[in-house]
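Chemist: Okay, handing you the structure first.
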Amino acid sequence: MQEVRKEARERMKGFCRVCKECDGRACAGEVPGMGGLGTAASFKSNVEALADYKLRMRTIHDVSEPDPSTKVLGYDLSIPVFAAPIGGVSFNMGGKVSEEDYIMSKVKACDANGIVGCTGDGVPPFISEAGFDAIKAVNGKAIPFIKPWEGDEFFEKIEKAAATGCTTFGIDIDAIGLITLAKMGRPVAPRGVERLKALIERIPGQVLLKGIMTEEDALAAVEAGAAGIVVSNHGGRVLDHTPGTAHVLPAIAEAVNGEIAVLVDGGIRTGVDVLKMIALGADAVMIGRPFSIATVGGLEEGASKYIQQLTGQLKSAMVLSGCESIADANSNMITDVLGQ
């Protein structure tokens with residue numbers, strides 16, 4: 001991974017510094033690019049919120065071979081991780097790797113290592129087209145995310161996505177604030193519950209809504225017919241000064257009460273971070289920037305190495321917290337920054 005990160009740092013020069021600690025400080029305000037919007041307070045809050053929680057270390061138990069696998073949204077996962085839908089290599093990551101090679105490598109690595117990759121959408125159209133090709137290559141075992149475009153474009157892309165054989169369709173409703181789309185003259189409008197419900201009813205599969213940060217929106221997603229949500233502030237790239245996702249996750253998971261799947265992203269870097277988010281109430285996590293860095297730095301092999309690293313870290317954290325399976329992870333395993 002050191003070699004992969006070294007190569008990524010060279011290829012992403014001017015767009016991402018591949019910092020030792022990916023916390024949003026060095027890249028504040030660099031959007032387009034890999035940074036956070038404005039002061040990057042939201043990006044930084046994601047990392048800080050996760051750091052506020054600590055795992056309770058336990059060493060007297062019989063857990064020597066923990067099982068990190070789980071099932072979420074019908075997918076059998078070797079670890080509770082999805083690769084988040086990040087695209088736009090040319091304007092976010094330096095362009096030294098093509099969009100097609102990037103997304104194909106990431107999705108194939110996920111499939112080969114027993115997890116699920118997600119593909120992105122945006123302007124220009126080759127972002128979504130490259131994603132659809134990648135999903136076909138893994139026989140539909142990936143999730144295409146499509147922005148809630150106005151007019152015919154949304155359902156035209158849904159139709160193309162359905163042709164890949166996928167069973168889940170993601171809608172990143174947090175894209176309504178993306179400055180990159182606004183700069184390209186393609187802002188995306190929000191939708192209320194009834195319009196969202198009408199949208200979901202026309203989609204030929206289960207729907208995952210990304211961009212939920214409150215209990216009210218989580219319950220609205222349930223009402224609209226979503227199969228799952230992603231607790232997300234879009235990596236701090238759409239609204240400055242939001243809370244970190246780890247801070248809002250427990251209340252959202254409690255409000256949903258198991259009615260739909262709850263995923264979360266934001267600041268997750270290691271297997272320890274994954275376990276913390278599961279203990280806080282998530283069914284699985286999405287990881288964005290680290291997957292992009294690993295893929296740009298080493299294509300399919302780089303992304304695979306990162307997944308294997310996550311798996312090792314997660315299993316180690318499970319042993320050292322006495323957690324035998326993902327289903328056993330709960331709030332009793334963690335304390336907050338005050339030790340409570």
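Labels used: A, B, ... for chains in the order of the structure tokens, numbers from 1 for residues in each chain, and numbers from 1 for ligands as shown.
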Quick check for you: according to DSSP on this backbone, which residues of range 172-309 of chain A are classed as strand (DSSP E)? Reply as a list in words.

Modeler: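 So, restricting range 172-309 of chain A to strand (DSSP E), we get Asp172, Gln206, Val207, Leu208, Leu209, Lys210, Gly211, Ile212, Gly228, Ile229, Val230, Val231, Ala261, Val262, Leu263, Val264, Ala284, Val285, Met286 and Ile287 of chain A.
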
Chemist: Determine, using only C-alpha atoms, which residues of range 102-188 of chain A have any atom at most 10 Å from an atom of range 282-289 of chain A, and tabulate each with its shortest atom pair and distance in Å to one decimal place, rows ordered by chain and then rising number, as JSON lines.

Modeler:
```
{"residue": "A:Val116", "atom": "CA", "partner": "A:Met286", "partner_atom": "CA", "distance": 9.7}
{"residue": "A:Gly117", "atom": "CA", "partner": "A:Met286", "partner_atom": "CA", "distance": 9.2}
{"residue": "A:Cys118", "atom": "CA", "partner": "A:Met286", "partner_atom": "CA", "distance": 9.1}
```

Chemist: Between CA of Ala40 in chain A and CA of Thr242 in chain A, what is the distance in Å, rounded to a tenth?

Modeler: 9.8 Å

Chemist: So that I can check the surroundings of Glu48 in chain A, please list as a PDB file with N, CA, C and O atoms, in the first residue's frame every protein, DNA and RNA residue that reaches within 10 Å of it, counting only C-alpha atoms and ignoring chain neighbours fewer than 3 positions away.

Modeler:
```pdb
ATOM      1  N   ASP A  23      -7.635  14.155   6.290  1.00  0.00           N
ATOM      2  CA  ASP A  23      -8.563  14.821   7.206  1.00  0.00           C
ATOM      3  C   ASP A  23      -9.145  16.124   6.668  1.00  0.00           C
ATOM      4  O   ASP A  23      -9.837  16.847   7.383  1.00  0.00           O
ATOM      5  N   ALA A  41     -15.005  22.405   6.781  1.00  0.00           N
ATOM      6  CA  ALA A  41     -15.439  22.045   8.135  1.00  0.00           C
ATOM      7  C   ALA A  41     -16.216  20.734   8.150  1.00  0.00           C
ATOM      8  O   ALA A  41     -16.077  19.922   9.071  1.00  0.00           O
ATOM      9  N   SER A  42     -17.032  20.495   7.117  1.00  0.00           N
ATOM     10  CA  SER A  42     -17.826  19.267   7.084  1.00  0.00           C
ATOM     11  C   SER A  42     -16.941  18.045   6.856  1.00  0.00           C
ATOM     12  O   SER A  42     -17.141  16.994   7.478  1.00  0.00           O
ATOM     13  N   PHE A  43     -15.981  18.168   5.949  1.00  0.00           N
ATOM     14  CA  PHE A  43     -15.011  17.095   5.707  1.00  0.00           C
ATOM     15  C   PHE A  43     -14.268  16.794   7.006  1.00  0.00           C
ATOM     16  O   PHE A  43     -14.193  15.643   7.457  1.00  0.00           O
ATOM     17  N   LYS A  44     -13.742  17.827   7.642  1.00  0.00           N
ATOM     18  CA  LYS A  44     -12.989  17.648   8.877  1.00  0.00           C
ATOM     19  C   LYS A  44     -13.867  17.087   9.992  1.00  0.00           C
ATOM     20  O   LYS A  44     -13.414  16.271  10.807  1.00  0.00           O
ATOM     21  N   SER A  45     -15.127  17.512  10.037  1.00  0.00           N
ATOM     22  CA  SER A  45     -16.049  17.019  11.070  1.00  0.00           C
ATOM     23  C   SER A  45     -16.264  15.519  10.963  1.00  0.00           C
ATOM     24  O   SER A  45     -16.425  14.826  11.979  1.00  0.00           O
ATOM     25  N   ALA A  51     -13.241  10.085  15.405  1.00  0.00           N
ATOM     26  CA  ALA A  51     -12.180  10.064  16.413  1.00  0.00           C
ATOM     27  C   ALA A  51     -12.733  10.262  17.822  1.00  0.00           C
ATOM     28  O   ALA A  51     -12.081   9.893  18.811  1.00  0.00           O
ATOM     29  N   ASP A  52     -13.923  10.830  17.929  1.00  0.00           N
ATOM     30  CA  ASP A  52     -14.541  11.039  19.240  1.00  0.00           C
ATOM     31  C   ASP A  52     -14.963   9.726  19.905  1.00  0.00           C
ATOM     32  O   ASP A  52     -15.199   9.680  21.108  1.00  0.00           O
ATOM     33  N   TYR A  53     -15.084   8.680  19.099  1.00  0.00           N
ATOM     34  CA  TYR A  53     -15.496   7.379  19.638  1.00  0.00           C
ATOM     35  C   TYR A  53     -14.298   6.441  19.723  1.00  0.00           C
ATOM     36  O   TYR A  53     -13.485   6.375  18.810  1.00  0.00           O
ATOM     37  N   PRO A 243     -22.543  18.569  10.798  1.00  0.00           N
ATOM     38  CA  PRO A 243     -21.933  17.644  11.766  1.00  0.00           C
ATOM     39  C   PRO A 243     -21.232  16.505  11.032  1.00  0.00           C
ATOM     40  O   PRO A 243     -21.508  16.245   9.855  1.00  0.00           O
ATOM     41  N   GLY A 244     -20.366  15.814  11.735  1.00  0.00           N
ATOM     42  CA  GLY A 244     -19.778  14.598  11.189  1.00  0.00           C
ATOM     43  C   GLY A 244     -20.814  13.489  11.181  1.00  0.00           C
ATOM     44  O   GLY A 244     -21.696  13.430  12.047  1.00  0.00           O
ATOM     45  N   THR A 245     -20.723  12.595  10.221  1.00  0.00           N
ATOM     46  CA  THR A 245     -21.751  11.561  10.080  1.00  0.00           C
ATOM     47  C   THR A 245     -21.801  10.608  11.282  1.00  0.00           C
ATOM     48  O   THR A 245     -22.876  10.122  11.636  1.00  0.00           O
ATOM     49  N   ALA A 246     -20.670  10.349  11.925  1.00  0.00           N
ATOM     50  CA  ALA A 246     -20.672   9.459  13.097  1.00  0.00           C
ATOM     51  C   ALA A 246     -21.501  10.038  14.237  1.00  0.00           C
ATOM     52  O   ALA A 246     -22.054   9.290  15.048  1.00  0.00           O
ATOM     53  N   HIS A 247     -21.594  11.364  14.307  1.00  0.00           N
ATOM     54  CA  HIS A 247     -22.380  11.997  15.368  1.00  0.00           C
ATOM     55  C   HIS A 247     -23.877  11.890  15.130  1.00  0.00           C
ATOM     56  O   HIS A 247     -24.663  11.815  16.081  1.00  0.00           O
ATOM     57  N   GLY A 267     -15.216  10.023   6.355  1.00  0.00           N
ATOM     58  CA  GLY A 267     -14.074   9.923   7.257  1.00  0.00           C
ATOM     59  C   GLY A 267     -13.623   8.515   7.575  1.00  0.00           C
ATOM     60  O   GLY A 267     -12.721   8.319   8.388  1.00  0.00           O
TER      61      GLY A 267
END
```

Chemist: Name the residues of range 161-331 of chain A that fall into alpha helix (DSSP H) according to DSSP on the backbone, using the chain letters and numbers of this document, as a VMD selection string.

Modeler: chain A and resid 161 to 162 179 to 183 193 to 201 215 to 224 245 to 256 271 to 279 289 to 319

Chemist: For range 323-325 of chain A, list every protein, DNA or RNA residue within 7 Å, evaluated using only C-alpha atoms, and leave out those in the same chain fewer than 4 positions away; present the list as a list in words.

Modeler: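 Once the adjacent positions are removed, what remains is Val63, Pro66, Asp67, Pro68, Met318, Val319 and Ala329 of chain A.
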
Chemist: Could you save the residues just selected, with N, CA, C and O atoms, as a short mmCIF file (atom, residue, chain, number, x, y, z; two decimals), in the first residue's frame?

Modeler:
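Produced file result33.cif, reproduced below:
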```cif
data_model
loop_
_atom_site.label_atom_id
_atom_site.label_comp_id
_atom_site.auth_asym_id
_atom_site.auth_seq_id
_atom_site.Cartn_x
_atom_site.Cartn_y
_atom_site.Cartn_z
N VAL A 63 -12.96 -15.26 21.44
CA VAL A 63 -13.07 -14.88 20.03
C VAL A 63 -11.66 -14.84 19.41
O VAL A 63 -10.90 -13.92 19.65
N PRO A 66 -12.91 -14.17 14.28
CA PRO A 66 -14.17 -13.44 14.08
C PRO A 66 -14.63 -13.53 12.62
O PRO A 66 -13.81 -13.71 11.72
N ASP A 67 -15.92 -13.40 12.44
CA ASP A 67 -16.50 -13.45 11.09
C ASP A 67 -16.92 -12.04 10.69
O ASP A 67 -17.91 -11.51 11.20
N PRO A 68 -16.18 -11.40 9.76
CA PRO A 68 -16.50 -10.03 9.36
C PRO A 68 -17.53 -9.94 8.24
O PRO A 68 -17.80 -8.85 7.73
N MET A 318 -11.91 -6.68 15.73
CA MET A 318 -12.97 -7.54 16.29
C MET A 318 -12.41 -8.45 17.37
O MET A 318 -13.02 -8.63 18.43
N VAL A 319 -11.21 -9.01 17.13
CA VAL A 319 -10.59 -9.86 18.15
C VAL A 319 -10.32 -9.05 19.42
O VAL A 319 -10.63 -9.48 20.54
N ALA A 329 -21.77 -6.58 16.86
CA ALA A 329 -21.26 -5.22 17.11
C ALA A 329 -22.38 -4.32 17.59
O ALA A 329 -23.45 -4.25 16.98
#
```

Chemist: Could you please determine the separation between CA of Met93 in chain A and CA of Leu37 in chain A in Å, to one decimal place?

Modeler: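 So the answer is 15.9 Å.
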
Chemist: Write out as JSON lines a residue-level contact list of range 108-178 of chain A versus range 301-308 of chain A with cut-off 8 Å: for each qualifying residue the closest pair of atoms and the distance in Å to one decimal, counting only C-alpha atoms, rows sorted by chain and residue number upward.

Modeler:
```
{"residue": "A:Ala109", "atom": "CA", "partner": "A:Ser304", "partner_atom": "CA", "distance": 5.1}
{"residue": "A:Cys110", "atom": "CA", "partner": "A:Ser304", "partner_atom": "CA", "distance": 7.0}
{"residue": "A:Ala112", "atom": "CA", "partner": "A:Ser304", "partner_atom": "CA", "distance": 7.9}
{"residue": "A:Asn113", "atom": "CA", "partner": "A:Ser304", "partner_atom": "CA", "distance": 6.8}
```

Chemist: Write out as a Markdown table the residues of range 135-202 of chain A that have any atom within 8 Å of an atom of range 218-237 of chain A, one row each with the nearest atom pair and its distance in Å to one decimal, counting only C-alpha atoms, sorted by chain and then rising number.

Modeler:
```
| residue | atom | partner | partner_atom | distance |
| --- | --- | --- | --- | --- |
| A:Asp174 | CA | A:His234 | CA | 6.4 |
| A:Ala175 | CA | A:His234 | CA | 7.7 |
| A:Leu178 | CA | A:Arg237 | CA | 7.0 |
| A:Val193 | CA | A:Ala224 | CA | 5.7 |
| A:Glu194 | CA | A:Ala224 | CA | 7.0 |
| A:Leu196 | CA | A:Ala224 | CA | 6.1 |
| A:Lys197 | CA | A:Ala224 | CA | 4.3 |
| A:Ile200 | CA | A:Gly225 | CA | 6.8 |
| A:Glu201 | CA | A:Gly225 | CA | 7.8 |
```

Chemist: Would you save the residues of that selection, restricted to N, CA and C atoms, as a PDB file, in the first residue's frame?

Modeler:
```pdb
ATOM      1  N   ASP A 174     -27.970  14.145  -2.261  1.00  0.00           N
ATOM      2  CA  ASP A 174     -27.125  15.230  -1.759  1.00  0.00           C
ATOM      3  C   ASP A 174     -26.427  15.987  -2.891  1.00  0.00           C
ATOM      4  N   ALA A 175     -26.572  15.512  -4.127  1.00  0.00           N
ATOM      5  CA  ALA A 175     -25.970  16.201  -5.277  1.00  0.00           C
ATOM      6  C   ALA A 175     -26.647  17.525  -5.587  1.00  0.00           C
ATOM      7  N   LEU A 178     -24.060  20.287  -5.385  1.00  0.00           N
ATOM      8  CA  LEU A 178     -22.724  20.142  -5.969  1.00  0.00           C
ATOM      9  C   LEU A 178     -22.328  21.358  -6.794  1.00  0.00           C
ATOM     10  N   VAL A 193     -41.209  14.449  -0.537  1.00  0.00           N
ATOM     11  CA  VAL A 193     -41.530  13.029  -0.351  1.00  0.00           C
ATOM     12  C   VAL A 193     -42.399  12.485  -1.479  1.00  0.00           C
ATOM     13  N   GLU A 194     -43.447  13.202  -1.860  1.00  0.00           N
ATOM     14  CA  GLU A 194     -44.368  12.681  -2.866  1.00  0.00           C
ATOM     15  C   GLU A 194     -43.701  12.533  -4.231  1.00  0.00           C
ATOM     16  N   LEU A 196     -40.504  12.201  -4.729  1.00  0.00           N
ATOM     17  CA  LEU A 196     -39.492  11.158  -4.583  1.00  0.00           C
ATOM     18  C   LEU A 196     -40.147   9.777  -4.629  1.00  0.00           C
ATOM     19  N   LYS A 197     -41.293   9.648  -3.993  1.00  0.00           N
ATOM     20  CA  LYS A 197     -42.031   8.389  -4.004  1.00  0.00           C
ATOM     21  C   LYS A 197     -42.436   8.009  -5.427  1.00  0.00           C
ATOM     22  N   ILE A 200     -39.331   6.732  -7.204  1.00  0.00           N
ATOM     23  CA  ILE A 200     -38.922   5.397  -6.768  1.00  0.00           C
ATOM     24  C   ILE A 200     -39.844   4.324  -7.327  1.00  0.00           C
ATOM     25  N   GLU A 201     -41.132   4.619  -7.414  1.00  0.00           N
ATOM     26  CA  GLU A 201     -42.100   3.640  -7.914  1.00  0.00           C
ATOM     27  C   GLU A 201     -41.844   3.246  -9.368  1.00  0.00           C
TER      28      GLU A 201
END
```
